[in-house]
>>> print(open('structure_11.cif').read())   # mmCIF, C-alpha atoms and all ligand atoms
data_entry
loop_
_atom_site.group_PDB
_atom_site.id
_atom_site.type_symbol
_atom_site.label_atom_id
_atom_site.label_comp_id
_atom_site.auth_asym_id
_atom_site.auth_seq_id
_atom_site.Cartn_x
_atom_site.Cartn_y
_atom_site.Cartn_z
ATOM 1 C CA MET A 1 102.443 90.081 85.181
ATOM 2 C CA SER A 2 101.204 91.228 88.558
ATOM 3 C CA ILE A 3 100.567 88.735 91.359
ATOM 4 C CA GLN A 4 96.905 88.239 92.211
ATOM 5 C CA LYS A 5 96.046 89.879 95.546
ATOM 6 C CA ILE A 6 94.386 87.953 98.376
ATOM 7 C CA ALA A 7 91.738 89.584 100.587
ATOM 8 C CA LEU A 8 90.057 88.334 103.738
ATOM 9 C CA ILE A 9 86.777 89.998 104.628
ATOM 10 C CA THR A 10 85.247 89.108 107.995
ATOM 11 C CA GLY A 11 81.461 88.949 108.266
ATOM 12 C CA ALA A 12 81.292 88.539 104.498
ATOM 13 C CA ASN A 13 78.330 86.180 104.313
ATOM 14 C CA LYS A 14 75.920 89.123 103.904
ATOM 15 C CA GLY A 15 75.505 92.879 103.933
ATOM 16 C CA ILE A 16 78.376 95.296 103.351
ATOM 17 C CA GLY A 17 80.962 92.509 103.765
ATOM 18 C CA LEU A 18 79.517 90.396 100.949
ATOM 19 C CA GLU A 19 79.189 93.405 98.629
ATOM 20 C CA THR A 20 82.738 94.528 99.456
ATOM 21 C CA ALA A 21 83.967 91.054 98.556
ATOM 22 C CA ARG A 22 82.040 91.154 95.288
ATOM 23 C CA GLN A 23 83.550 94.504 94.257
ATOM 24 C CA LEU A 24 87.077 93.398 95.194
ATOM 25 C CA GLY A 25 86.551 90.156 93.256
ATOM 26 C CA GLN A 26 85.561 92.203 90.216
ATOM 27 C CA GLN A 27 89.075 93.691 90.442
ATOM 28 C CA LYS A 28 90.490 90.150 90.102
ATOM 29 C CA ILE A 29 91.353 89.875 93.792
ATOM 30 C CA THR A 30 91.154 86.383 95.344
ATOM 31 C CA LEU A 31 88.464 86.405 98.034
ATOM 32 C CA LEU A 32 88.482 84.677 101.387
ATOM 33 C CA ILE A 33 84.893 84.951 102.569
ATOM 34 C CA GLY A 34 85.029 85.085 106.361
ATOM 35 C CA ALA A 35 81.892 83.863 108.133
ATOM 36 C CA ARG A 36 81.289 82.513 111.607
ATOM 37 C CA ASP A 37 78.683 80.096 110.204
ATOM 38 C CA ALA A 38 80.464 77.768 107.768
ATOM 39 C CA ALA A 39 77.321 77.003 105.753
ATOM 40 C CA LYS A 40 76.480 80.695 105.303
ATOM 41 C CA GLY A 41 80.069 81.401 104.286
ATOM 42 C CA GLU A 42 80.030 78.576 101.742
ATOM 43 C CA ALA A 43 76.707 79.799 100.308
ATOM 44 C CA ALA A 44 78.101 83.320 99.872
ATOM 45 C CA ALA A 45 81.346 82.057 98.309
ATOM 46 C CA ARG A 46 79.354 79.835 95.933
ATOM 47 C CA GLN A 47 77.208 82.794 94.905
ATOM 48 C CA LEU A 48 80.334 84.828 94.092
ATOM 49 C CA ARG A 49 81.897 81.936 92.170
ATOM 50 C CA GLU A 50 78.713 81.716 90.101
ATOM 51 C CA GLU A 51 79.298 85.385 89.268
ATOM 52 C CA GLY A 52 82.716 84.387 87.896
ATOM 53 C CA LEU A 53 84.770 85.539 90.916
ATOM 54 C CA GLU A 54 87.491 83.631 92.727
ATOM 55 C CA ALA A 55 86.092 83.046 96.210
ATOM 56 C CA ARG A 56 86.360 80.498 98.975
ATOM 57 C CA ALA A 57 84.806 80.422 102.391
ATOM 58 C CA ILE A 58 86.847 80.526 105.568
ATOM 59 C CA THR A 59 85.299 80.020 108.979
ATOM 60 C CA ILE A 60 86.154 82.821 111.389
ATOM 61 C CA ASP A 61 84.240 83.899 114.469
ATOM 62 C CA VAL A 62 86.048 87.014 115.638
ATOM 63 C CA SER A 63 84.931 86.464 119.229
ATOM 64 C CA ASP A 64 86.542 82.993 119.285
ATOM 65 C CA ALA A 65 90.334 82.942 119.661
ATOM 66 C CA ALA A 66 90.694 79.362 118.405
ATOM 67 C CA SER A 67 88.683 80.124 115.284
ATOM 68 C CA ILE A 68 90.871 83.155 114.503
ATOM 69 C CA ARG A 69 94.039 81.125 115.067
ATOM 70 C CA ASP A 70 92.830 78.303 112.806
ATOM 71 C CA ALA A 71 91.873 80.758 110.070
ATOM 72 C CA ALA A 72 95.282 82.448 110.192
ATOM 73 C CA SER A 73 97.063 79.066 110.062
ATOM 74 C CA LEU A 74 95.008 78.043 107.046
ATOM 75 C CA VAL A 75 95.767 81.257 105.151
ATOM 76 C CA GLY A 76 99.456 80.995 106.095
ATOM 77 C CA ASP A 77 99.684 77.375 104.945
ATOM 78 C CA GLU A 78 97.814 77.899 101.671
ATOM 79 C CA PHE A 79 98.879 81.373 100.591
ATOM 80 C CA GLY A 80 101.851 82.356 102.763
ATOM 81 C CA ARG A 81 100.670 85.963 102.914
ATOM 82 C CA LEU A 82 97.620 88.230 103.048
ATOM 83 C CA ASP A 83 97.327 91.468 101.055
ATOM 84 C CA ILE A 84 94.039 92.885 102.383
ATOM 85 C CA LEU A 85 92.286 92.415 105.716
ATOM 86 C CA ILE A 86 88.847 93.951 106.032
ATOM 87 C CA ASN A 87 87.652 93.895 109.623
ATOM 88 C CA ASN A 88 84.000 94.128 108.663
ATOM 89 C CA ALA A 89 82.254 91.824 111.176
ATOM 90 C CA GLY A 90 80.279 93.896 113.627
ATOM 91 C CA ALA A 91 77.306 93.895 115.942
ATOM 92 C CA MET A 92 74.873 96.533 117.187
ATOM 93 C CA LEU A 93 73.349 95.187 120.368
ATOM 94 C CA ASP A 94 72.122 98.278 122.289
ATOM 95 C CA ASP A 95 68.467 98.246 123.322
ATOM 96 C CA PRO A 96 67.065 101.401 121.671
ATOM 97 C CA ALA A 97 64.310 101.546 124.301
ATOM 98 C CA LYS A 98 66.906 102.089 127.038
ATOM 99 C CA LYS A 99 68.675 105.290 128.039
ATOM 100 C CA VAL A 100 72.415 105.741 127.573
ATOM 101 C CA SER A 101 73.036 104.968 131.237
ATOM 102 C CA GLU A 102 70.793 101.906 131.268
ATOM 103 C CA GLN A 103 72.372 99.578 128.674
ATOM 104 C CA SER A 104 73.389 96.387 130.461
ATOM 105 C CA LEU A 105 77.015 95.525 131.055
ATOM 106 C CA ASP A 106 76.307 92.319 129.129
ATOM 107 C CA THR A 107 75.464 94.496 126.132
ATOM 108 C CA TRP A 108 78.667 96.491 126.572
ATOM 109 C CA ARG A 109 80.763 93.343 126.935
ATOM 110 C CA SER A 110 79.220 91.499 123.965
ATOM 111 C CA THR A 111 79.526 94.559 121.752
ATOM 112 C CA PHE A 112 83.175 95.101 122.646
ATOM 113 C CA GLU A 113 83.914 91.372 122.305
ATOM 114 C CA THR A 114 83.013 91.515 118.602
ATOM 115 C CA ASN A 115 83.606 95.107 117.505
ATOM 116 C CA VAL A 116 86.795 95.837 119.462
ATOM 117 C CA PHE A 117 88.535 92.769 120.926
ATOM 118 C CA GLY A 118 87.528 90.600 117.960
ATOM 119 C CA LEU A 119 88.860 93.175 115.518
ATOM 120 C CA ILE A 120 92.133 93.557 117.427
ATOM 121 C CA ALA A 121 92.583 89.793 117.839
ATOM 122 C CA THR A 122 91.976 89.211 114.132
ATOM 123 C CA THR A 123 94.458 91.934 113.231
ATOM 124 C CA GLN A 124 97.086 90.529 115.598
ATOM 125 C CA ALA A 125 96.673 87.043 114.111
ATOM 126 C CA PHE A 126 96.928 88.187 110.478
ATOM 127 C CA LEU A 127 99.548 90.923 110.850
ATOM 128 C CA PRO A 128 102.489 88.532 110.273
ATOM 129 C CA LEU A 129 100.888 87.522 106.947
ATOM 130 C CA LEU A 130 100.139 91.149 106.026
ATOM 131 C CA ARG A 131 103.796 91.974 106.655
ATOM 132 C CA LYS A 132 104.648 89.426 103.930
ATOM 133 C CA SER A 133 102.557 91.359 101.399
ATOM 134 C CA GLU A 134 104.205 93.949 99.169
ATOM 135 C CA ALA A 135 101.492 96.468 100.140
ATOM 136 C CA GLY A 136 99.282 95.264 103.003
ATOM 137 C CA ARG A 137 96.001 97.090 103.591
ATOM 138 C CA ILE A 138 93.843 96.900 106.716
ATOM 139 C CA VAL A 139 90.334 98.366 106.685
ATOM 140 C CA ASN A 140 88.502 98.712 109.988
ATOM 141 C CA LEU A 141 84.752 99.164 109.693
ATOM 142 C CA SER A 142 83.933 102.093 111.907
ATOM 143 C CA SER A 143 80.860 104.336 111.686
ATOM 144 C CA ILE A 144 79.963 108.002 111.674
ATOM 145 C CA LEU A 145 78.468 107.098 115.065
ATOM 146 C CA ALA A 146 82.072 106.833 116.315
ATOM 147 C CA SER A 147 82.510 110.596 116.010
ATOM 148 C CA ASN A 148 82.620 112.345 119.391
ATOM 149 C CA THR A 149 82.809 115.692 117.607
ATOM 150 C CA LEU A 150 79.472 115.055 115.889
ATOM 151 C CA HIS A 151 77.893 113.554 119.027
ATOM 152 C CA LEU A 152 78.626 116.814 120.831
ATOM 153 C CA ASP A 153 77.039 118.956 118.111
ATOM 154 C CA PRO A 154 73.238 119.362 118.484
ATOM 155 C CA ALA A 155 73.108 120.361 114.795
ATOM 156 C CA SER A 156 74.699 117.116 113.576
ATOM 157 C CA PRO A 157 72.483 114.417 112.028
ATOM 158 C CA ILE A 158 73.696 111.824 114.545
ATOM 159 C CA TYR A 159 73.130 113.928 117.676
ATOM 160 C CA ASP A 160 70.118 111.876 118.796
ATOM 161 C CA PHE A 161 71.618 108.461 117.813
ATOM 162 C CA LYS A 162 72.977 107.608 121.221
ATOM 163 C CA LEU A 163 73.565 103.833 121.120
ATOM 164 C CA PRO A 164 76.396 103.978 123.629
ATOM 165 C CA ALA A 165 77.901 100.498 123.516
ATOM 166 C CA TYR A 166 77.959 100.469 119.714
ATOM 167 C CA ASN A 167 79.076 104.086 119.368
ATOM 168 C CA VAL A 168 81.874 103.831 121.930
ATOM 169 C CA SER A 169 83.017 100.513 120.437
ATOM 170 C CA LYS A 170 83.431 102.236 117.084
ATOM 171 C CA SER A 171 85.190 105.244 118.699
ATOM 172 C CA THR A 172 87.572 102.665 120.150
ATOM 173 C CA VAL A 173 88.078 101.134 116.699
ATOM 174 C CA ASN A 174 89.086 104.607 115.500
ATOM 175 C CA ALA A 175 91.506 105.068 118.384
ATOM 176 C CA TRP A 176 93.026 101.613 117.764
ATOM 177 C CA THR A 177 93.428 102.489 114.081
ATOM 178 C CA VAL A 178 95.498 105.546 115.013
ATOM 179 C CA GLN A 179 97.654 103.531 117.429
ATOM 180 C CA LEU A 180 98.308 100.751 114.911
ATOM 181 C CA ALA A 181 99.043 103.212 112.098
ATOM 182 C CA TYR A 182 101.838 104.583 114.291
ATOM 183 C CA GLU A 183 103.435 101.149 114.650
ATOM 184 C CA LEU A 184 103.140 100.538 110.906
ATOM 185 C CA ARG A 185 104.257 104.008 109.797
ATOM 186 C CA ASP A 186 107.577 102.822 108.341
ATOM 187 C CA THR A 187 106.107 99.770 106.596
ATOM 188 C CA PRO A 188 104.115 99.530 103.341
ATOM 189 C CA ILE A 189 101.027 98.547 105.382
ATOM 190 C CA LYS A 190 98.203 101.085 105.646
ATOM 191 C CA VAL A 191 95.414 100.892 108.201
ATOM 192 C CA ASN A 192 92.346 103.098 108.052
ATOM 193 C CA ALA A 193 88.876 103.368 109.566
ATOM 194 C CA ALA A 194 85.882 103.412 107.216
ATOM 195 C CA HIS A 195 82.424 104.871 107.580
ATOM 196 C CA PRO A 196 80.461 103.020 104.889
ATOM 197 C CA GLY A 197 77.445 105.338 105.023
ATOM 198 C CA TRP A 198 74.011 104.497 106.347
ATOM 199 C CA VAL A 199 73.456 101.356 104.302
ATOM 200 C CA LYS A 200 70.416 99.144 103.731
ATOM 201 C CA THR A 201 71.453 95.910 105.480
ATOM 202 C CA ASP A 202 70.096 93.854 108.360
ATOM 203 C CA MET A 203 71.959 96.251 110.674
ATOM 204 C CA GLY A 204 71.252 99.492 108.802
ATOM 205 C CA GLY A 205 67.568 98.708 108.309
ATOM 206 C CA GLU A 206 65.123 99.567 105.563
ATOM 207 C CA GLY A 207 65.194 103.295 106.364
ATOM 208 C CA ALA A 208 68.881 103.568 105.467
ATOM 209 C CA THR A 209 69.763 106.040 102.744
ATOM 210 C CA MET A 210 72.462 104.101 100.833
ATOM 211 C CA GLU A 211 72.141 101.006 98.663
ATOM 212 C CA LEU A 212 74.689 98.204 99.067
ATOM 213 C CA PRO A 213 76.798 98.944 95.942
ATOM 214 C CA ASP A 214 77.562 102.442 97.249
ATOM 215 C CA GLY A 215 77.852 101.210 100.846
ATOM 216 C CA ALA A 216 80.827 99.013 99.919
ATOM 217 C CA LYS A 217 82.730 101.739 98.065
ATOM 218 C CA THR A 218 84.633 103.166 101.051
ATOM 219 C CA SER A 219 85.910 99.740 102.131
ATOM 220 C CA VAL A 220 86.921 98.872 98.562
ATOM 221 C CA ALA A 221 88.759 102.169 98.102
ATOM 222 C CA LEU A 222 90.676 101.792 101.362
ATOM 223 C CA ALA A 223 91.513 98.149 100.549
ATOM 224 C CA THR A 224 93.072 99.190 97.242
ATOM 225 C CA LEU A 225 94.816 102.426 98.257
ATOM 226 C CA PRO A 226 97.911 103.373 96.287
ATOM 227 C CA ALA A 227 101.305 103.651 97.998
ATOM 228 C CA ASP A 228 100.842 107.395 98.566
ATOM 229 C CA GLY A 229 97.403 106.944 100.180
ATOM 230 C CA PRO A 230 96.608 107.791 103.796
ATOM 231 C CA SER A 231 97.108 105.682 106.923
ATOM 232 C CA GLY A 232 95.540 106.269 110.322
ATOM 233 C CA ALA A 233 92.607 108.144 108.736
ATOM 234 C CA PHE A 234 88.836 108.024 109.322
ATOM 235 C CA LEU A 235 87.146 108.325 105.933
ATOM 236 C CA HIS A 236 83.869 108.125 104.050
ATOM 237 C CA LEU A 237 83.993 108.062 100.239
ATOM 238 C CA GLY A 238 87.409 109.702 100.303
ATOM 239 C CA GLU A 239 86.434 112.485 102.719
ATOM 240 C CA PRO A 240 87.781 112.675 106.280
ATOM 241 C CA LEU A 241 85.252 112.572 109.116
ATOM 242 C CA PRO A 242 85.760 114.371 112.430
ATOM 243 C CA TRP A 243 87.082 112.127 115.226
HETATM 244 N N1 LIG A 301 74.719 99.258 107.737
HETATM 245 C C1 LIG A 301 75.120 100.449 108.124
HETATM 246 O O1 LIG A 301 74.431 101.446 107.913
HETATM 247 C C2 LIG A 301 76.460 100.625 108.811
HETATM 248 C C3 LIG A 301 76.848 101.931 109.145
HETATM 249 C C4 LIG A 301 78.082 102.132 109.748
HETATM 250 C C5 LIG A 301 78.911 101.055 110.004
HETATM 251 N N2 LIG A 301 78.509 99.774 109.686
HETATM 252 C C6 LIG A 301 79.431 98.673 109.991
HETATM 253 O O2 LIG A 301 79.664 97.913 108.807
HETATM 254 C C7 LIG A 301 79.938 96.538 109.150
HETATM 255 C C8 LIG A 301 79.005 95.643 108.352
HETATM 256 O O3 LIG A 301 77.667 95.973 108.715
HETATM 257 P P1 LIG A 301 76.364 95.464 107.940
HETATM 258 O O4 LIG A 301 75.434 96.608 107.916
HETATM 259 O O5 LIG A 301 76.744 94.769 106.704
HETATM 260 O O6 LIG A 301 75.795 94.437 109.038
HETATM 261 P P2 LIG A 301 75.054 93.030 108.893
HETATM 262 O O7 LIG A 301 74.316 92.924 107.612
HETATM 263 O O8 LIG A 301 74.349 92.845 110.189
HETATM 264 O O9 LIG A 301 76.294 91.996 108.817
HETATM 265 C C9 LIG A 301 77.153 91.860 109.900
HETATM 266 C C10 LIG A 301 78.124 90.730 109.589
HETATM 267 O O10 LIG A 301 78.994 90.576 110.715
HETATM 268 C C11 LIG A 301 78.980 89.205 111.075
HETATM 269 N N3 LIG A 301 79.347 88.989 112.476
HETATM 270 C C12 LIG A 301 78.755 89.469 113.594
HETATM 271 N N4 LIG A 301 79.395 89.018 114.676
HETATM 272 C C13 LIG A 301 80.417 88.230 114.231
HETATM 273 C C14 LIG A 301 81.423 87.474 114.854
HETATM 274 N N5 LIG A 301 81.545 87.385 116.186
HETATM 275 N N6 LIG A 301 82.314 86.801 114.077
HETATM 276 C C15 LIG A 301 82.233 86.860 112.737
HETATM 277 N N7 LIG A 301 81.275 87.535 112.078
HETATM 278 C C16 LIG A 301 80.385 88.208 112.834
HETATM 279 C C17 LIG A 301 77.581 88.735 110.752
HETATM 280 O O11 LIG A 301 77.509 87.322 110.735
HETATM 281 P P3 LIG A 301 76.089 86.522 110.934
HETATM 282 O O12 LIG A 301 75.386 86.590 109.607
HETATM 283 O O13 LIG A 301 76.538 85.165 111.320
HETATM 284 O O14 LIG A 301 75.335 87.238 112.020
HETATM 285 C C18 LIG A 301 77.412 89.384 109.395
HETATM 286 O O15 LIG A 301 78.097 88.632 108.412
HETATM 287 C C19 LIG A 301 79.742 96.448 110.662
HETATM 288 O O16 LIG A 301 81.004 96.527 111.301
HETATM 289 C C20 LIG A 301 78.906 97.668 110.993
HETATM 290 O O17 LIG A 301 79.073 98.102 112.325
HETATM 291 C C21 LIG A 301 77.299 99.545 109.097
#
>>> encode(input="structure_11.cif", output="structure tokens")
Amino acid sequence: MSIQKIALITGANKGIGLETARQLGQQKITLLIGARDAAKGEAAARQLREEGLEARAITIDVSDAASIRDAASLVGDEFGRLDILINNAGAMLDDPAKKVSEQSLDTWRSTFETNVFGLIATTQAFLPLLRKSEAGRIVNLSSILASNTLHLDPASPIYDFKLPAYNVSKSTVNAWTVQLAYELRDTPIKVNAAHPGWVKTDMGGEGATMELPDGAKTSVALATLPADGPSGAFLHLGEPLPW
């Protein structure tokens, strides 16, 4: 009998995070529904339980060190390990009416606080528990907008999507993923960066091309990689993206 895996998904009260949780739950994985708003997290966990999945809410604001610490203590006390960490919480705060050079430093700082420092702090806090898993998996939600190669190519579909604070934050997530994969190279833990696609969520907007069930597939696949799967990669639906 195999031991039931435990997954924490940050920003799982809605959007890609909630759908990722749902699809992992359908694989009989125990879900810890991370949400910065406890009531929203509880509502999402209740919804998943009503669908027959094993889910409980856990309050975690990735820009709040105390909240991360408390969440890690709770998971340590109750489960003693973590098998899957999905760093899904993210924010896009650039003002699209402003030029690249004109985004405020407040925008840069707030974006990095959540997308970069929050992601790193969460990973640092949960890494000791992931090391206790037989096969820890870390999924960092990046974006195709992280790709400097594509941003330099006038023929690429993202060439005109210059949201600098968001884009550079996700490029930094990619770079961090490579650095952490190096440290973890001789362990069973894999860490990868995911581009979910352009997905219909509050962030992706109505014009997005992918529905939620497909938008969660990359995160789910990277969370459940086999032992011979990649680490330190930047992937969308199994295909590598240019850095
Ligand atoms: N949608 C796309 O097309 C797309 C494309 C590429 C990459 N992504 C990435 O995929 C991830 C999920 O995006 P989404 O489209 O599902 O966005 P979304 O619907 O806006 O959901 C974002 C989630 O992140 C949470 N969050 C934001 N700041 C947080 C913080 N400080 N602490 C904890 N949670 C926080 C939000 O919580 P609240 O509900 O409390 O605000 C929400 O649960 C993000 O990292 C995003 O950058 C999305």
>>> closest_residue(input="structure_11.cif", among="A:Gln124, A:Thr209, A:Ser171, A:Thr187", to="Ala65 (chain A)", atoms="all atoms listed in the file")
A:Gln124
>>> resolve_selection(input="structure_11.cif", expression="the PyMOL selection byres (((chain A and resi 94) around 7) and not hetatm)", output="ChimeraX atom specification")
/A:92-93,95-96,103,107,163,165-166
>>> closest_atom_pairs(input="structure_11.cif", of="region 113-174 of chain A", to="region 215-221 of chain A", cutoff="12 Å", atoms="all atoms listed in the file", output="Markdown table")
| residue | atom | partner | partner_atom | distance |
| --- | --- | --- | --- | --- |
| A:Arg137 | CA | A:Ala221 | CA | 10.4 |
| A:Ile138 | CA | A:Ser219 | CA | 9.6 |
| A:Val139 | CA | A:Ser219 | CA | 6.5 |
| A:Asn140 | CA | A:Ser219 | CA | 8.3 |
| A:Leu141 | CA | A:Ser219 | CA | 7.7 |
| A:Ser142 | CA | A:Ser219 | CA | 10.2 |
| A:Ser143 | CA | A:Thr218 | CA | 11.3 |
>>> residues_around(input="structure_11.cif", residues="Glu134 (chain A)", least_positions_apart="2", cutoff="12 Å", atoms="only C-alpha atoms", output="PyMOL selection string")
chain A and resi 2-6+81-84+129-132+136-137+187-190+226-227
>>> atom_distance(input="structure_11.cif", atom1="CA of Ile58 (chain A)", atom2="CA of Arg36 (chain A)")
8.4 Å
>>> residues_around(input="structure_11.cif", residues="region 108-117 of chain A", least_positions_apart="6", cutoff="6 Å", atoms="only C-alpha atoms", output="list in words")
Ser63, Gly90, Ala165 and Ser169 of chain A
>>> closest_atom_pairs(input="structure_11.cif", of="chain A", to="ligand LIG 301 (chain A)", cutoff="8 Å", atoms="all atoms listed in the file", output="CSV")
residue,atom,partner,partner_atom,distance
A:Thr10,CA,A:LIG301,N7,5.9
A:Gly11,CA,A:LIG301,O15,3.4
A:Ala12,CA,A:LIG301,O15,5.1
A:Asn13,CA,A:LIG301,O15,4.8
A:Lys14,CA,A:LIG301,O15,5.0
A:Gly15,CA,A:LIG301,O5,3.6
A:Ile16,CA,A:LIG301,O5,3.8
A:Gly17,CA,A:LIG301,O5,5.6
A:Leu18,CA,A:LIG301,O5,7.7
A:Gly34,CA,A:LIG301,C15,7.2
A:Ala35,CA,A:LIG301,N7,5.4
A:Arg36,CA,A:LIG301,C15,4.6
A:Asp37,CA,A:LIG301,O13,5.6
A:Lys40,CA,A:LIG301,O12,7.4
A:Ile60,CA,A:LIG301,C15,5.8
A:Asp61,CA,A:LIG301,N6,3.5
A:Val62,CA,A:LIG301,N6,4.1
A:Ser63,CA,A:LIG301,N5,4.6
A:Asp64,CA,A:LIG301,N5,7.3
A:Asn87,CA,A:LIG301,O16,7.3
A:Asn88,CA,A:LIG301,O16,4.7
A:Ala89,CA,A:LIG301,O10,3.5
A:Gly90,CA,A:LIG301,O16,3.6
A:Ala91,CA,A:LIG301,C12,5.2
A:Met92,CA,A:LIG301,O17,6.6
A:Glu113,CA,A:LIG301,N5,7.7
A:Thr114,CA,A:LIG301,N5,5.0
A:Asn115,CA,A:LIG301,O16,6.9
A:Gly118,CA,A:LIG301,N5,7.0
A:Asn140,CA,A:LIG301,O16,7.9
A:Leu141,CA,A:LIG301,O16,4.9
A:Ser142,CA,A:LIG301,C5,5.5
A:Ser143,CA,A:LIG301,C4,4.0
A:Ile144,CA,A:LIG301,C4,6.5
A:Leu145,CA,A:LIG301,C4,7.3
A:Tyr166,CA,A:LIG301,O17,7.8
A:Lys170,CA,A:LIG301,O17,7.7
A:Ala194,CA,A:LIG301,C5,7.9
A:His195,CA,A:LIG301,C4,5.6
A:Pro196,CA,A:LIG301,C4,5.5
A:Gly197,CA,A:LIG301,C3,5.4
A:Trp198,CA,A:LIG301,O1,3.5
A:Val199,CA,A:LIG301,O1,3.7
A:Lys200,CA,A:LIG301,N1,5.9
A:Thr201,CA,A:LIG301,O7,4.7
A:Asp202,CA,A:LIG301,O7,4.4
A:Met203,CA,A:LIG301,O8,4.2
A:Gly204,CA,A:LIG301,N1,3.6
A:Gly205,CA,A:LIG301,N1,7.2
A:Ala208,CA,A:LIG301,O1,6.4
A:Met210,CA,A:LIG301,O1,7.8
A:Gly215,CA,A:LIG301,C1,7.8
>>> atom_distance(input="structure_11.cif", atom1="CA of Ala7 (chain A)", atom2="CA of Ala66 (chain A)")
20.6 Å
>>> closest_residue(input="structure_11.cif", among="A:Glu19, A:Thr30, A:Ala57, A:Phe126", to="Ala43 (chain A)", atoms="only C-alpha atoms")
A:Ala57
>>> atom_distance(input="structure_11.cif", atom1="CA of Thr123 (chain A)", atom2="CA of Asn192 (chain A)")
12.5 Å
>>> closest_residue(input="structure_11.cif", among="A:Ala39, A:Ala223, A:Ser156, A:Gln26", to="Ile9 (chain A)", atoms="all atoms listed in the file")
A:Ala223
>>> closest_residue(input="structure_11.cif", among="A:Ile158, A:Leu24, A:Ala125, A:Ser133", to="Ala71 (chain A)", atoms="all atoms listed in the file")
A:Ala125
>>> closest_residue(input="structure_11.cif", among="A:Leu85, A:Leu241, A:Ala45, A:Leu32", to="Leu127 (chain A)", atoms="all atoms listed in the file")
A:Leu85
>>> closest_residue(input="structure_11.cif", among="A:Ala233, A:Pro242, A:Glu51, A:Pro164", to="Trp176 (chain A)", atoms="all atoms listed in the file")
A:Ala233
>>> decode(input="structure_11.cif", residues="region 212-232 of chain A", atoms="C-alpha atoms", output="compact mmCIF listing (two decimals), in the first residue's frame")
# COMPACT_ATOMS: atom_id res chain seq x y z
CA LEU A 212 -8.74 26.15 -16.39
CA PRO A 213 -8.63 22.32 -16.70
CA ASP A 214 -5.86 22.59 -19.31
CA GLY A 215 -4.21 25.50 -17.49
CA ALA A 216 -3.53 23.30 -14.45
CA LYS A 217 -2.01 20.42 -16.42
CA THR A 218 1.60 21.64 -16.42
CA SER A 219 1.64 22.17 -12.64
CA VAL A 220 0.02 18.77 -12.04
CA ALA A 221 2.51 17.00 -14.32
CA LEU A 222 5.51 18.63 -12.65
CA ALA A 223 4.09 17.88 -9.18
CA THR A 224 3.84 14.18 -10.02
CA LEU A 225 7.04 13.68 -12.03
CA PRO A 226 8.58 10.22 -11.93
CA ALA A 227 12.07 9.68 -10.50
CA ASP A 228 13.66 10.00 -13.96
CA GLY A 229 11.89 13.31 -14.70
CA PRO A 230 13.68 16.63 -15.18
CA SER A 231 14.84 19.14 -12.57
CA GLY A 232 15.84 22.74 -13.18
